[in-house]
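Q: Quick one: this structure, given as structure tokens, is what I'll be asking you about.
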Amino acid sequence: MAKYPFSDIEKKWQQRWEDEQTFRAVEDERFPKDKRRYVLDMFPYPSGAGLHVGHPEGYTATDIYCRYLRMNGYNVLHPMGFDAFGLPAENYAIQTGTHPAVTTYTNINRFRQQIKSLGFSYDWSREVTTCDSEYYKWTQWIFLQLFKKGLAYEAEMPINWCPSCKTGLANEEVKDGHCDRCGTKVVRKRIRQWVLKITAYAERLLADLDNLDWPEPIKLMQRNWIGRSEGASVRFAIAPREGSESAAADSASSSAEGDQLEIYTTRPDTLFGATYMVLAPEHPFVERITTEARRAAVQGYIDEAAAKSDLERTDLAKEKTGVFTGAYAINPVNGARIPIWISDYVLISYGTGAIMAVPAHDSRDWDFAKKFGLPIVQVVAAPGETGPFDREPETCTDADGFAVNSGQFDGLSTKEAIARITAWLEERGIGTKSINYKLRDWLFSRQRYWGEPIPVVHCETCGIVPLSEADLPLTLPEVKSYAPTGTGESPLAAIPEWVNTTCPRCGGPAKRETNTMPQWAGSCWYYLRYLDPHNGGAFADQEKIDYWMPVNLYVGGAEHAVLHLLYSRFWHKVLYDLGLVNTDEPFMRLVNQGMILGEDNQKMSKSRGNVINPDDIVESFGADAMRVYEMFMGPLEVSKPWSTAGLVGVSRFLERLWAISERPIVDEPMNADLEKLLHKTIKKVANDTSALNFNTAISQMMIYSNELAKLERIPRAAWEPLVLLIAPYAPHLGEELWARLGHSESISKATYPVFREELTIDEEREIVVQVNGKVRSKFSAPAGTPTDALIQMAHNAEKIADWLAGKEIVKAIAVKNKLVNFVIKG
RNA sequence: GCGAGAGUGGUGGAACGGCAGACACGCCAGACUUAGGAUCUGGUGCCUUUCGGCGUAAGGGUUCAAGUCCCUUCUCUCGCACCA
């Protein structure tokens, strides 16, 4: 049998779609709001390696869904573009001297051609590229809005620095103390940075997750990343010096007296158990409170801590370290004089950088107290525990219970004690209820070339001055060397004619900002630019935003859970607050596709030699086979290994459809059984497709086509619906078969088949007869036969009399249309 | 350590609490064929000659009935990681 000529067919229809602009999306008011859908793919970074079989998985899923929606009368926006700023092109430039733009656009052209070869129904007229100055003009414009709102600020702060990428990294880009991109161990470095105040939106970013139809694990990851906790801020007075220490104290140290040391705790109920305090080594009080006698030891510890990498500092396995400062604080609830230590187990970046240590009820404090012989006082007892509570406890517990050794609060439940002690602190002005977040502000500057220049200047008289919006885009200058200086300045700093400029405010001499934006900037809002990609006067027209937004379905990998997906929610909320977008969330529904692994069940990688190139698959099996196979492999959301043998199976299925189409298509009625199967098939394929359960939809089409394949002559009424059903999956084949059926218009404009519910119901049902839960027989009964009649019939079913002979029927259970179960004894 | 998800034939995977293994790959047998992952027919979870028994990581439980619900354990994947 002749193979179907997929190569010719696919080329032909891709050309047709392009010539006829078949998938151009137009803001047609005749479609009411609920008949419009915005279906978005995470756009790719066009790497030099070309498209990977993982890319088409999500793209195929959304494409099938979009084609399905269009055939069901929806106006669908389905765009594609490229996330084009980024380090690989820049690193390549450093090695070869090739301008990153050259590499990037070469790669984009290759990607676009590869993506098109798979026959996706994108509206290519809306393509965006983030490194295009007409695009990043608006990235810069949004940055200016953030700046004007006070959400972008400069700070000199210790940051995560990747020595290999020679740039700072956001917290979200550090995994296990290593650079997320290149795996190099990050170090701490203190340099001037641009930071976005994402923490100002922490509460909303957290709360609004509840309204999103996103996978729970992703929402949970964002919740954990934001890390909200409730507790209290409490001020501890620094105790006056005593005895010889006081006499020895110099004037600088004694000035600390009267200072208040503020801490944050989630367990104010354990205040009576605070037996010492710990400051982060970087805490500003350390210098002031350290006594002369302890100064050398303290300074030594600080130096040691500074030399350690974050990874070493946060290694949980290591023993706690620390030194005593010589100073004491007064516990405000009981007046106890408690020593103040420093230790690197307290982080300067969280809370106030200082803690009250409650060793009886915090395992970290416990470890520390045990190591340094500090007192441990139990202040929470387990429910029912009777005491006595005057001994040092044998174990540490953070479980709830009731307060002991806590003065007037004794006996209160943990919950009650937290509320009452917090109120008591507030009355006396010693503390307040307080909320903390793990989320840090977003480190937004990169000391690299290939990114959006940050559109501000540094003026000697005016300070930081934003460029006028009319001066955007601020384009990247040409440079001789792309190599980062590594000193914390980008290559842009080496171009005086670009750096030296005039202040937009006073006209005096000023220097341009030489840091660039991180790769995440462009992807924060690209879904908005698709709405109106060529607009020169605004990032997008309001009416177009209102027409399409929000995104109804967003499909992409899970690796962006706390990066892109958090950042773009933040930007979107800022734009919402400025009245520039119509919703407070950008992506209503999110689906993460699973990874496609190599045939060896390992992650695909060049080094493992298990990489599958989509071009090869399209070449030898066709784009339709590739698409259908990727959807047939298993559920979209799970990871699954590639199997070329499995691909062959799908290819045979498409061959079979072609073979069927070559038989006589006749205007004759089909038999009742086939008609039933047809309507069941339409129902299942429609339901599964709209639910993105593509694997089971394909399976059903296989079942149906296997039936059709048994016929010599194919009734048109049995064949046309199958062609329509397969079209979203195998669009080239669908078009060709549709044309061969005599239709002149694209099948993508045809109407999806409709099933008749009554034809999906079997009037005869097979009823299973069980004895003690085990299947012993079966019989056929009309649909809807009442349960008592089913039980009667079951008695007469084959072999059942033997099973019941001499036994007592304890109970007979019947489920309509399904089964009868006899429960017997003896 | 904490959190989340997942464990089903030789393989990918199906299965509103109701016949476990749909569909597909592979394999076996046969047919046909100038056989370039070809096409067609039948078979294919394991044990047993049959009757039948056993089977969804392991163990327990709820139920007339459990892959599915509950508890315990194990393994794998992912995320977080001294956040007070």
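Residues are referred to by chain and number: the chain letter is A, B, ... according to the order shown in the structure tokens, the number counts from 1 in that chain, and ligands are numbered separately from 1 in the order shown.
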Considering only C-alpha atoms (C1' of nucleotides), extract the chain A residues located within 7 Å of chain B and return them as a PyMOL selection string.
A: chain A and resi 217+221+265+314+316+345+350+355+364+438+633-634+645-646+648-649+699+768+773+775+813+818-819+821+823
Q: Restricting the output to N, CA and C atoms, write the selected residues as a CSV table (one decimal), in the first residue's frame.
A:
```csv
chain,number,residue,atom,x,y,z
A,217,PRO,N,0.0,22.5,42.9
A,217,PRO,CA,1.4,22.5,43.2
A,217,PRO,C,2.1,23.8,42.9
A,221,MET,N,3.7,26.4,45.5
A,221,MET,CA,5.1,26.9,45.4
A,221,MET,C,5.1,28.4,45.5
A,265,THR,N,8.9,37.5,66.0
A,265,THR,CA,8.6,36.1,66.3
A,265,THR,C,7.2,35.7,65.9
A,314,THR,N,24.4,28.2,55.0
A,314,THR,CA,23.0,27.6,55.2
A,314,THR,C,23.1,26.1,55.3
A,316,LEU,N,22.6,22.9,56.6
A,316,LEU,CA,21.9,22.5,57.8
A,316,LEU,C,22.6,21.5,58.6
A,345,TYR,N,23.3,31.6,62.0
A,345,TYR,CA,22.0,30.9,61.8
A,345,TYR,C,20.9,31.9,61.8
A,350,TYR,N,16.0,38.4,56.8
A,350,TYR,CA,14.6,38.1,57.2
A,350,TYR,C,14.2,38.8,58.5
A,355,ILE,N,16.8,37.7,66.7
A,355,ILE,CA,15.8,36.9,67.2
A,355,ILE,C,15.9,36.8,68.7
A,364,ARG,N,16.4,25.0,66.4
A,364,ARG,CA,17.6,25.7,66.1
A,364,ARG,C,18.2,26.3,67.3
A,438,LYS,N,8.7,35.9,53.4
A,438,LYS,CA,10.0,35.4,52.9
A,438,LYS,C,10.4,36.1,51.6
A,633,MET,N,1.0,10.0,23.7
A,633,MET,CA,1.9,9.4,24.6
A,633,MET,C,1.4,9.2,26.0
A,634,GLY,N,0.5,10.1,26.4
A,634,GLY,CA,0.0,10.1,27.8
A,634,GLY,C,-0.6,11.4,28.1
A,645,ALA,N,9.1,3.7,18.5
A,645,ALA,CA,8.1,2.6,18.1
A,645,ALA,C,6.7,3.0,18.3
A,646,GLY,N,6.5,3.8,19.4
A,646,GLY,CA,5.1,4.3,19.6
A,646,GLY,C,4.7,5.3,18.5
A,648,VAL,N,5.6,5.1,15.5
A,648,VAL,CA,5.2,4.3,14.3
A,648,VAL,C,3.8,3.8,14.4
A,649,GLY,N,3.3,3.5,15.6
A,649,GLY,CA,1.9,3.1,15.7
A,649,GLY,C,1.0,4.2,15.3
A,699,SER,N,-7.4,7.7,21.2
A,699,SER,CA,-7.7,6.3,21.3
A,699,SER,C,-9.1,6.0,20.7
A,768,VAL,N,-23.3,-7.5,34.9
A,768,VAL,CA,-22.4,-8.4,35.5
A,768,VAL,C,-23.0,-9.0,36.8
A,773,GLY,N,-18.8,-10.5,45.4
A,773,GLY,CA,-17.9,-9.5,44.8
A,773,GLY,C,-17.1,-10.1,43.7
A,775,VAL,N,-16.9,-11.8,39.9
A,775,VAL,CA,-17.7,-11.9,38.7
A,775,VAL,C,-17.9,-13.4,38.3
A,813,ILE,N,-27.4,-7.1,46.0
A,813,ILE,CA,-27.3,-5.7,45.7
A,813,ILE,C,-27.3,-5.5,44.2
A,818,LYS,N,-25.7,-1.9,35.6
A,818,LYS,CA,-24.4,-2.3,35.8
A,818,LYS,C,-24.2,-3.7,36.3
A,819,LEU,N,-24.7,-4.0,37.5
A,819,LEU,CA,-24.4,-5.3,38.1
A,819,LEU,C,-25.4,-5.8,39.2
A,821,ASN,N,-24.9,-8.1,42.7
A,821,ASN,CA,-24.0,-8.8,43.6
A,821,ASN,C,-24.7,-9.6,44.6
A,823,VAL,N,-24.6,-11.6,48.0
A,823,VAL,CA,-23.7,-11.9,49.2
A,823,VAL,C,-24.2,-13.1,49.8
```
Q: Quick one: residues within 8 Å of stretch 570-585 of chain A, only C-alpha atoms (C1' of nucleotides), excluding same-chain residues fewer than 6 positions away - as a list in words?
A: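 Close residues of stretch 570-585 of chain A: Leu146, Ile198, Tyr201, Leu205, Asp208, Cys524, Trp525, Gln542, Ile545, Asp546, Met549 and Pro550 of chain A.
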Q: Between A:Arg204, A:Arg337, A:Arg126, A:Arg70, which residue has the minimum interatomic distance to A:Ser690, considering only C-alpha atoms?
A: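 The answer is A:Arg70, which sits nearest to A:Ser690.
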Q: Find the distance between atom CA of A:Leu737 and atom CA of A:Val723 and write it in Å to one decimal.
A: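 Separating atom CA of A:Leu737 from atom CA of A:Val723 is a distance of 6.7 Å.
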Q: For A:Ser434, work out the shell of residues within 6 Å, counting only C-alpha atoms (C1' of nucleotides) and skipping chain neighbours fewer than 6 positions away, then give it as a PyMOL selection string.
A: chain A and resi 231-233
Q: Store the residues picked out above in a file with N, CA, C and O atoms, as a compact mmCIF listing (two decimals), in the first residue's frame.
A:
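What follows is the written file again.txt:
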```txt
# COMPACT_ATOMS: atom_id res chain seq x y z
N GLY A 231 2.88 37.09 63.33
CA GLY A 231 3.53 37.02 64.63
C GLY A 231 3.54 38.38 65.28
O GLY A 231 2.59 39.15 65.12
N ALA A 232 4.61 38.66 65.98
CA ALA A 232 4.71 39.94 66.67
C ALA A 232 6.13 40.47 66.57
O ALA A 232 7.09 39.71 66.55
N SER A 233 6.22 41.80 66.49
CA SER A 233 7.51 42.46 66.66
C SER A 233 7.60 42.85 68.13
O SER A 233 6.64 43.39 68.68
```
Q: Nearest to B:G9: which of B:C46, B:A57, B:C74, B:A31 is it, counting only C-alpha atoms (C1' of nucleotides)?
A: B:C46
Q: Quick check for you: according to DSSP on this backbone, which residues of stretch 321-388 of chain A are classed as alpha helix (DSSP H)? Reply as a ChimeraX atom specification.
A: /A:363-372
Q: Between atom CA of A:Asp344 and atom CA of A:Arg313, what is the spacing in Å?
A: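 About the pair atom CA of A:Arg313 and atom CA of A:Asp344: they are 6.7 Å apart.
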Q: Write out as a ChimeraX atom specification all residues of stretch 582-823 of chain A that DSSP puts in strand (DSSP E) for this structure's backbone.
A: /A:590-592,596-597,640-641,665-666,714-715,764-771,774-782,808-815,819-823
Q: With N, CA and C atoms retained, export the selected residues as a short mmCIF file (atom, residue, chain, number, x, y, z; two decimals), in the first residue's frame.
A:
```
data_model
loop_
_atom_site.label_atom_id
_atom_site.label_comp_id
_atom_site.auth_asym_id
_atom_site.auth_seq_id
_atom_site.Cartn_x
_atom_site.Cartn_y
_atom_site.Cartn_z
N LEU A 590 -3.89 27.90 34.06
CA LEU A 590 -2.53 27.51 33.72
C LEU A 590 -2.45 25.99 33.67
N VAL A 591 -1.79 25.48 32.65
CA VAL A 591 -1.56 24.04 32.57
C VAL A 591 -0.07 23.83 32.30
N ASN A 592 0.54 22.97 33.08
CA ASN A 592 1.95 22.65 32.86
C ASN A 592 2.05 21.35 32.11
N ILE A 596 9.18 15.70 28.10
CA ILE A 596 9.38 14.52 27.26
C ILE A 596 10.80 14.03 27.50
N LEU A 597 10.90 12.82 28.00
CA LEU A 597 12.21 12.25 28.32
C LEU A 597 12.75 11.50 27.12
N LYS A 640 6.92 11.83 30.29
CA LYS A 640 6.86 10.51 29.67
C LYS A 640 7.98 10.35 28.65
N PRO A 641 8.46 9.14 28.50
CA PRO A 641 9.59 8.92 27.60
C PRO A 641 9.17 8.83 26.14
N ILE A 665 -16.29 6.40 -1.38
CA ILE A 665 -17.08 7.10 -0.36
C ILE A 665 -18.48 7.20 -0.94
N VAL A 666 -19.42 6.56 -0.30
CA VAL A 666 -20.74 6.42 -0.92
C VAL A 666 -21.83 7.08 -0.10
N ILE A 714 -17.36 3.17 2.04
CA ILE A 714 -17.44 3.99 3.24
C ILE A 714 -18.60 4.97 3.13
N PRO A 715 -19.62 4.83 3.96
CA PRO A 715 -20.71 5.81 3.92
C PRO A 715 -20.17 7.20 4.26
N GLU A 764 -29.43 -2.04 25.15
CA GLU A 764 -29.17 -3.31 25.83
C GLU A 764 -27.90 -3.16 26.65
N ARG A 765 -27.99 -3.50 27.93
CA ARG A 765 -26.80 -3.38 28.77
C ARG A 765 -26.32 -4.76 29.22
N GLU A 766 -25.03 -4.90 29.29
CA GLU A 766 -24.48 -6.13 29.83
C GLU A 766 -24.43 -5.99 31.35
N ILE A 767 -25.10 -6.90 32.02
CA ILE A 767 -25.14 -6.83 33.47
C ILE A 767 -24.20 -7.91 34.04
N VAL A 768 -23.35 -7.50 34.91
CA VAL A 768 -22.39 -8.41 35.53
C VAL A 768 -23.05 -9.03 36.76
N VAL A 769 -22.89 -10.34 36.89
CA VAL A 769 -23.40 -10.98 38.10
C VAL A 769 -22.22 -11.39 38.96
N GLN A 770 -22.20 -10.88 40.18
CA GLN A 770 -21.13 -11.21 41.10
C GLN A 770 -21.68 -12.07 42.22
N VAL A 771 -20.83 -12.95 42.74
CA VAL A 771 -21.15 -13.66 43.97
C VAL A 771 -20.04 -13.32 44.95
N LYS A 774 -17.23 -11.37 43.37
CA LYS A 774 -16.45 -11.91 42.25
C LYS A 774 -17.37 -12.14 41.06
N VAL A 775 -16.90 -11.78 39.87
CA VAL A 775 -17.71 -11.91 38.67
C VAL A 775 -17.88 -13.39 38.34
N ARG A 776 -19.14 -13.82 38.26
CA ARG A 776 -19.39 -15.23 37.96
C ARG A 776 -20.18 -15.41 36.68
N SER A 777 -20.86 -14.38 36.25
CA SER A 777 -21.69 -14.53 35.07
C SER A 777 -22.06 -13.14 34.54
N LYS A 778 -22.68 -13.15 33.36
CA LYS A 778 -23.14 -11.90 32.75
C LYS A 778 -24.43 -12.17 32.03
N PHE A 779 -25.25 -11.19 31.90
CA PHE A 779 -26.43 -11.32 31.04
C PHE A 779 -26.78 -9.94 30.49
N SER A 780 -27.68 -9.95 29.54
CA SER A 780 -28.06 -8.71 28.89
C SER A 780 -29.43 -8.29 29.34
N ALA A 781 -29.62 -7.00 29.57
CA ALA A 781 -30.93 -6.51 29.99
C ALA A 781 -31.16 -5.15 29.36
N PRO A 782 -32.45 -4.81 29.14
CA PRO A 782 -32.73 -3.49 28.57
C PRO A 782 -32.26 -2.40 29.53
N GLU A 808 -26.92 -19.60 51.63
CA GLU A 808 -27.94 -18.64 52.06
C GLU A 808 -27.58 -17.27 51.46
N ILE A 809 -28.55 -16.67 50.79
CA ILE A 809 -28.31 -15.34 50.24
C ILE A 809 -28.57 -14.32 51.33
N VAL A 810 -27.51 -13.72 51.79
CA VAL A 810 -27.63 -12.74 52.87
C VAL A 810 -28.21 -11.44 52.35
N LYS A 811 -27.78 -11.10 51.15
CA LYS A 811 -28.16 -9.82 50.60
C LYS A 811 -27.94 -9.87 49.09
N ALA A 812 -28.76 -9.13 48.35
CA ALA A 812 -28.53 -9.00 46.92
C ALA A 812 -28.52 -7.52 46.58
N ILE A 813 -27.43 -7.07 46.02
CA ILE A 813 -27.29 -5.65 45.68
C ILE A 813 -27.31 -5.52 44.18
N ALA A 814 -28.09 -4.57 43.72
CA ALA A 814 -28.12 -4.35 42.28
C ALA A 814 -27.87 -2.89 41.98
N VAL A 815 -27.10 -2.66 40.95
CA VAL A 815 -26.87 -1.29 40.46
C VAL A 815 -27.39 -1.23 39.05
N LEU A 819 -24.73 -4.01 37.51
CA LEU A 819 -24.40 -5.32 38.07
C LEU A 819 -25.37 -5.76 39.16
N VAL A 820 -25.24 -7.03 39.46
CA VAL A 820 -25.95 -7.61 40.60
C VAL A 820 -24.89 -8.34 41.41
N ASN A 821 -24.93 -8.14 42.73
CA ASN A 821 -23.97 -8.83 43.57
C ASN A 821 -24.73 -9.61 44.64
N PHE A 822 -24.55 -10.93 44.65
CA PHE A 822 -25.16 -11.77 45.70
C PHE A 822 -24.15 -11.95 46.82
N VAL A 823 -24.58 -11.61 48.02
CA VAL A 823 -23.72 -11.87 49.18
C VAL A 823 -24.25 -13.13 49.83
#
```
Q: Using only C-alpha atoms (C1' of nucleotides), which protein or nucleic acid residues come within 8 Å of stretch 162-172 of chain A? Drop anything in the same chain fewer than 5 positions from it, and give the result as a PyMOL selection string.
A: chain A and resi 87+179+182+184-187+440+442-448+484-486+488+562-563
Q: Only N, CA and C atoms, please: the residues just picked out, written as a PDB file, in the first residue's frame.
A:
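selection01.pdb, written as the output of this step:
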```pdb
ATOM      1  N   LEU A  87      21.478  35.311  28.022  1.00  0.00           N
ATOM      2  CA  LEU A  87      22.913  35.090  28.105  1.00  0.00           C
ATOM      3  C   LEU A  87      23.551  34.224  27.020  1.00  0.00           C
ATOM      4  N   CYS A 179      23.965  28.859  40.608  1.00  0.00           N
ATOM      5  CA  CYS A 179      23.309  29.626  39.558  1.00  0.00           C
ATOM      6  C   CYS A 179      22.365  28.705  38.778  1.00  0.00           C
ATOM      7  N   CYS A 182      23.811  28.290  35.007  1.00  0.00           N
ATOM      8  CA  CYS A 182      25.047  27.599  34.643  1.00  0.00           C
ATOM      9  C   CYS A 182      25.561  26.657  35.737  1.00  0.00           C
ATOM     10  N   THR A 184      27.068  27.305  38.461  1.00  0.00           N
ATOM     11  CA  THR A 184      28.208  27.772  39.241  1.00  0.00           C
ATOM     12  C   THR A 184      27.740  28.191  40.636  1.00  0.00           C
ATOM     13  N   LYS A 185      28.603  27.938  41.616  1.00  0.00           N
ATOM     14  CA  LYS A 185      28.295  28.316  42.986  1.00  0.00           C
ATOM     15  C   LYS A 185      28.224  29.851  43.082  1.00  0.00           C
ATOM     16  N   VAL A 186      27.163  30.343  43.656  1.00  0.00           N
ATOM     17  CA  VAL A 186      27.069  31.803  43.747  1.00  0.00           C
ATOM     18  C   VAL A 186      27.805  32.305  44.982  1.00  0.00           C
ATOM     19  N   VAL A 187      28.289  33.516  44.878  1.00  0.00           N
ATOM     20  CA  VAL A 187      28.962  34.139  46.023  1.00  0.00           C
ATOM     21  C   VAL A 187      28.195  35.409  46.369  1.00  0.00           C
ATOM     22  N   ARG A 440      11.520  38.455  48.905  1.00  0.00           N
ATOM     23  CA  ARG A 440      12.415  39.622  48.920  1.00  0.00           C
ATOM     24  C   ARG A 440      12.115  40.479  47.709  1.00  0.00           C
ATOM     25  N   TRP A 442      12.776  42.241  44.235  1.00  0.00           N
ATOM     26  CA  TRP A 442      13.299  41.564  43.044  1.00  0.00           C
ATOM     27  C   TRP A 442      14.527  42.302  42.512  1.00  0.00           C
ATOM     28  N   LEU A 443      15.644  41.622  42.580  1.00  0.00           N
ATOM     29  CA  LEU A 443      16.894  42.183  42.080  1.00  0.00           C
ATOM     30  C   LEU A 443      16.816  42.267  40.560  1.00  0.00           C
ATOM     31  N   PHE A 444      16.789  43.482  40.046  1.00  0.00           N
ATOM     32  CA  PHE A 444      16.355  43.677  38.666  1.00  0.00           C
ATOM     33  C   PHE A 444      17.478  44.091  37.713  1.00  0.00           C
ATOM     34  N   SER A 445      18.686  44.307  38.210  1.00  0.00           N
ATOM     35  CA  SER A 445      19.726  44.733  37.279  1.00  0.00           C
ATOM     36  C   SER A 445      20.720  43.622  37.001  1.00  0.00           C
ATOM     37  N   ARG A 446      21.236  43.633  35.784  1.00  0.00           N
ATOM     38  CA  ARG A 446      22.229  42.648  35.385  1.00  0.00           C
ATOM     39  C   ARG A 446      23.419  43.405  34.819  1.00  0.00           C
ATOM     40  N   GLN A 447      24.598  42.914  35.140  1.00  0.00           N
ATOM     41  CA  GLN A 447      25.804  43.618  34.726  1.00  0.00           C
ATOM     42  C   GLN A 447      26.264  43.072  33.377  1.00  0.00           C
ATOM     43  N   ARG A 448      25.319  43.068  32.436  1.00  0.00           N
ATOM     44  CA  ARG A 448      25.580  42.455  31.150  1.00  0.00           C
ATOM     45  C   ARG A 448      25.125  43.371  30.031  1.00  0.00           C
ATOM     46  N   PRO A 484      31.768  40.954  30.073  1.00  0.00           N
ATOM     47  CA  PRO A 484      31.470  41.712  31.277  1.00  0.00           C
ATOM     48  C   PRO A 484      32.780  42.072  31.962  1.00  0.00           C
ATOM     49  N   THR A 485      32.774  43.192  32.635  1.00  0.00           N
ATOM     50  CA  THR A 485      34.004  43.592  33.306  1.00  0.00           C
ATOM     51  C   THR A 485      34.262  42.731  34.527  1.00  0.00           C
ATOM     52  N   GLY A 486      33.170  42.208  35.088  1.00  0.00           N
ATOM     53  CA  GLY A 486      33.352  41.367  36.271  1.00  0.00           C
ATOM     54  C   GLY A 486      33.534  42.172  37.537  1.00  0.00           C
ATOM     55  N   GLY A 488      31.422  44.321  38.410  1.00  0.00           N
ATOM     56  CA  GLY A 488      30.111  44.795  38.803  1.00  0.00           C
ATOM     57  C   GLY A 488      29.602  45.867  37.857  1.00  0.00           C
ATOM     58  N   VAL A 562       8.079  30.059  40.135  1.00  0.00           N
ATOM     59  CA  VAL A 562       8.281  31.242  40.971  1.00  0.00           C
ATOM     60  C   VAL A 562       9.124  32.303  40.265  1.00  0.00           C
ATOM     61  N   LEU A 563       9.356  32.129  38.984  1.00  0.00           N
ATOM     62  CA  LEU A 563      10.107  33.142  38.263  1.00  0.00           C
ATOM     63  C   LEU A 563       9.124  33.933  37.409  1.00  0.00           C
TER      64      LEU A 563
END
```
Q: Please identify all polymer residues within 10 Å of A:Gly508, counting only C-alpha atoms (C1' of nucleotides), omitting same-chain residues fewer than 5 positions from it, and present them as a VMD selection string.
A: chain A and resid 459 to 462 501 to 503
Q: Enter the distance from atom C1' of B:U41 to atom CA of A:Lys710, in Å, rounded to one decimal.
A: 12.0 Å
